[in-house]
Amino acid sequence: MATIKDVAKMAGVAPSTISKYINGGNVRAENAEAIRRAIAALDYHVDPFARGLKAQRNRSVGVLLPDMTAPFYGNVVMAMSRVLRERDYHCLISSYGANHGVERDNLKFMLTCGIDGLVYAPEDLSSEEFQELTANCGIPIVQIDRMIQGVEIDTVLVDNAEVVYRAVNSLIQKGHKRIAIITGPKSVYTAKERMVGYFRALADAGIYYHDDLVFSGQNDFATGYRSCQALLKLKERPTAVFTTNYDITIGFITAARERGIHIPEEVDVFGFDSVETCSMMKPPLPVVQQPDHLIGMTAAQLLLDRLDGFDGEPRIARLTCKITP
């Protein structure tokens, strides 16, 4: 395997010039061209582990998520990765599948595998568990999408309660009074915030809350599908439904179509994070769109700030969602 000395010898420059070139420093054009040719001829590759030992960094950032299949998290990670790659950091991604035990184990593993920082979307950990697992870990951690109550670290959220309030209020303005909501686990921070927006919209409009119109489950297709089945069995069906997650929205729409329910004529649907699907329907259904790319970029920048030595108070960035159309 070629070494940096081999590259330097072939390019006719000092090893320090090779190192400067590899790390993005300014190198004379003729030297840069000679170095590129030598690297290609020798098939030279930087050893990231050796570089990490020298710089006391492995140039890696852990990303711990509840789900890697949701388009939302995919978009967040892509945007985050682009920002981190500009600074020569790579993402190591892990998913815990909304399982409390796996969430604990994966967080513990991530903190012992030599990463320089962690971006983490928590689900079911208490502040005590988090403090226990992260005590003396020595790396910066940024929460995204959700937050653990009582944990004060950099966090990137969206205006969940406010955008749900606006969405439900728009259904109320169309004349709906029996508005159902299908949400994720009640213990999850985002589900709690979205329920706050739902309740506030009903209260401000003077609409009585009906327990049989609130459904909670995992943030998955099955929850939306089963909730649709249950709602259609009610003696007095809802005239509108607000779904709080991409997979829940798709599950609900699928079950409704299978049963010949016309949307929005028989039941009005307001989706969440399912822009492509809702926009293809005739007429297009309204949907809450999260700034997923901005979430990823913001999380990456907060983490880079810490890696660059920022030691100020924890910051919370709360980004604004939009409603489409």
# chains A, B, ... in the order shown; residues from 1 in each chain; ligands from 1
>>> residues_around(residues="stretch 1-17 of chain A", least_positions_apart="6", cutoff="6 Å", atoms="only C-alpha atoms", output="VMD selection string")
chain A and resid 34 to 35 38 44
>>> closest_atom_pairs(of="stretch 51-142 of chain A", to="stretch 182-204 of chain A", cutoff="12 Å", atoms="only C-alpha atoms", output="Markdown table")
| residue | atom | partner | partner_atom | distance |
| --- | --- | --- | --- | --- |
| A:Pro66 | CA | A:Val188 | CA | 11.1 |
| A:Ala98 | CA | A:Pro185 | CA | 9.7 |
| A:Asn99 | CA | A:Pro185 | CA | 11.8 |
| A:His100 | CA | A:Ser187 | CA | 11.5 |
| A:Ala121 | CA | A:Tyr189 | CA | 10.4 |
| A:Pro122 | CA | A:Val188 | CA | 8.4 |
| A:Glu123 | CA | A:Val188 | CA | 5.5 |
| A:Asp124 | CA | A:Val188 | CA | 6.6 |
| A:Leu125 | CA | A:Val188 | CA | 9.6 |
| A:Ser126 | CA | A:Ser187 | CA | 10.3 |
>>> write_last_selection(atoms="C-alpha atoms", output="PDB file, in the first residue's frame")
ATOM      1  CA  PRO A  66     -35.924   5.921  15.528  1.00  0.00           C
ATOM      2  CA  ALA A  98     -38.862   2.775  18.352  1.00  0.00           C
ATOM      3  CA  ASN A  99     -37.668   0.151  20.853  1.00  0.00           C
ATOM      4  CA  HIS A 100     -36.675   1.485  24.279  1.00  0.00           C
ATOM      5  CA  ALA A 121     -33.590  11.913  17.675  1.00  0.00           C
ATOM      6  CA  PRO A 122     -34.770  10.586  21.073  1.00  0.00           C
ATOM      7  CA  GLU A 123     -38.021   8.774  21.681  1.00  0.00           C
ATOM      8  CA  ASP A 124     -38.473   7.081  25.006  1.00  0.00           C
ATOM      9  CA  LEU A 125     -35.496   7.892  27.218  1.00  0.00           C
ATOM     10  CA  SER A 126     -35.911   9.782  30.471  1.00  0.00           C
TER      11      SER A 126
END
>>> residues_around(residues="A:Asp311", least_positions_apart="2", cutoff="12 Å", atoms="only C-alpha atoms", output="PDB file with N, CA and C atoms, in the first residue's frame")
ATOM      1  N   ILE A 139     -18.223  14.202  24.257  1.00  0.00           N
ATOM      2  CA  ILE A 139     -18.503  14.649  22.892  1.00  0.00           C
ATOM      3  C   ILE A 139     -19.785  15.479  22.875  1.00  0.00           C
ATOM      4  N   PRO A 140     -19.906  16.435  21.943  1.00  0.00           N
ATOM      5  CA  PRO A 140     -21.144  17.214  21.844  1.00  0.00           C
ATOM      6  C   PRO A 140     -22.277  16.388  21.252  1.00  0.00           C
ATOM      7  N   ILE A 153     -29.326  20.539  26.085  1.00  0.00           N
ATOM      8  CA  ILE A 153     -28.260  20.493  25.084  1.00  0.00           C
ATOM      9  C   ILE A 153     -28.799  21.145  23.816  1.00  0.00           C
ATOM     10  N   ASP A 154     -27.927  21.393  22.841  1.00  0.00           N
ATOM     11  CA  ASP A 154     -28.372  21.984  21.591  1.00  0.00           C
ATOM     12  C   ASP A 154     -29.463  21.119  20.956  1.00  0.00           C
ATOM     13  N   LEU A 302     -24.802  23.399  14.321  1.00  0.00           N
ATOM     14  CA  LEU A 302     -24.703  23.470  15.779  1.00  0.00           C
ATOM     15  C   LEU A 302     -23.619  22.531  16.297  1.00  0.00           C
ATOM     16  N   LEU A 303     -23.560  21.342  15.695  1.00  0.00           N
ATOM     17  CA  LEU A 303     -22.550  20.368  16.114  1.00  0.00           C
ATOM     18  C   LEU A 303     -21.149  20.846  15.748  1.00  0.00           C
ATOM     19  N   LEU A 304     -20.998  21.382  14.533  1.00  0.00           N
ATOM     20  CA  LEU A 304     -19.688  21.880  14.112  1.00  0.00           C
ATOM     21  C   LEU A 304     -19.215  23.029  15.000  1.00  0.00           C
ATOM     22  N   ASP A 305     -20.161  23.880  15.414  1.00  0.00           N
ATOM     23  CA  ASP A 305     -19.806  24.961  16.335  1.00  0.00           C
ATOM     24  C   ASP A 305     -19.155  24.402  17.600  1.00  0.00           C
ATOM     25  N   ARG A 306     -19.766  23.362  18.144  1.00  0.00           N
ATOM     26  CA  ARG A 306     -19.219  22.743  19.365  1.00  0.00           C
ATOM     27  C   ARG A 306     -17.854  22.109  19.088  1.00  0.00           C
ATOM     28  N   LEU A 307     -17.721  21.439  17.952  1.00  0.00           N
ATOM     29  CA  LEU A 307     -16.446  20.805  17.610  1.00  0.00           C
ATOM     30  C   LEU A 307     -15.350  21.841  17.391  1.00  0.00           C
ATOM     31  N   ASP A 308     -15.771  23.044  16.999  1.00  0.00           N
ATOM     32  CA  ASP A 308     -14.808  24.130  16.792  1.00  0.00           C
ATOM     33  C   ASP A 308     -14.485  24.885  18.079  1.00  0.00           C
ATOM     34  N   GLY A 309     -15.081  24.463  19.199  1.00  0.00           N
ATOM     35  CA  GLY A 309     -14.720  25.067  20.474  1.00  0.00           C
ATOM     36  C   GLY A 309     -15.772  25.945  21.119  1.00  0.00           C
ATOM     37  N   GLU A 313     -24.064  28.639  26.162  1.00  0.00           N
ATOM     38  CA  GLU A 313     -25.262  27.977  26.674  1.00  0.00           C
ATOM     39  C   GLU A 313     -25.927  27.140  25.586  1.00  0.00           C
ATOM     40  N   PRO A 314     -26.652  26.073  25.970  1.00  0.00           N
ATOM     41  CA  PRO A 314     -27.371  25.264  24.979  1.00  0.00           C
ATOM     42  C   PRO A 314     -28.346  26.106  24.162  1.00  0.00           C
ATOM     43  N   ARG A 315     -28.432  25.815  22.881  1.00  0.00           N
ATOM     44  CA  ARG A 315     -29.285  26.572  21.972  1.00  0.00           C
ATOM     45  C   ARG A 315     -30.432  25.703  21.476  1.00  0.00           C
TER      46      ARG A 315
END
>>> residues_around(residues="A:Cys321", least_positions_apart="6", cutoff="8 Å", atoms="only C-alpha atoms", output="PyMOL selection string")
chain A and resi 158-160+163+288-291
>>> write_last_selection(atoms="C-alpha atoms", output="PDB file, in the first residue's frame")
ATOM      1  CA  VAL A 158     -40.137  22.660  14.505  1.00  0.00           C
ATOM      2  CA  ASP A 159     -43.226  24.632  15.528  1.00  0.00           C
ATOM      3  CA  ASN A 160     -45.345  21.494  16.007  1.00  0.00           C
ATOM      4  CA  VAL A 163     -48.615  24.419  12.680  1.00  0.00           C
ATOM      5  CA  VAL A 288     -47.948  20.075   6.755  1.00  0.00           C
ATOM      6  CA  GLN A 289     -44.445  20.218   5.300  1.00  0.00           C
ATOM      7  CA  GLN A 290     -41.496  20.230   7.683  1.00  0.00           C
ATOM      8  CA  PRO A 291     -38.267  22.018   6.702  1.00  0.00           C
TER       9      PRO A 291
END
>>> closest_residue(among="A:Ala205, A:Glu152, A:Ile18, A:Glu265", to="A:Glu33", atoms="only C-alpha atoms")
A:Ile18
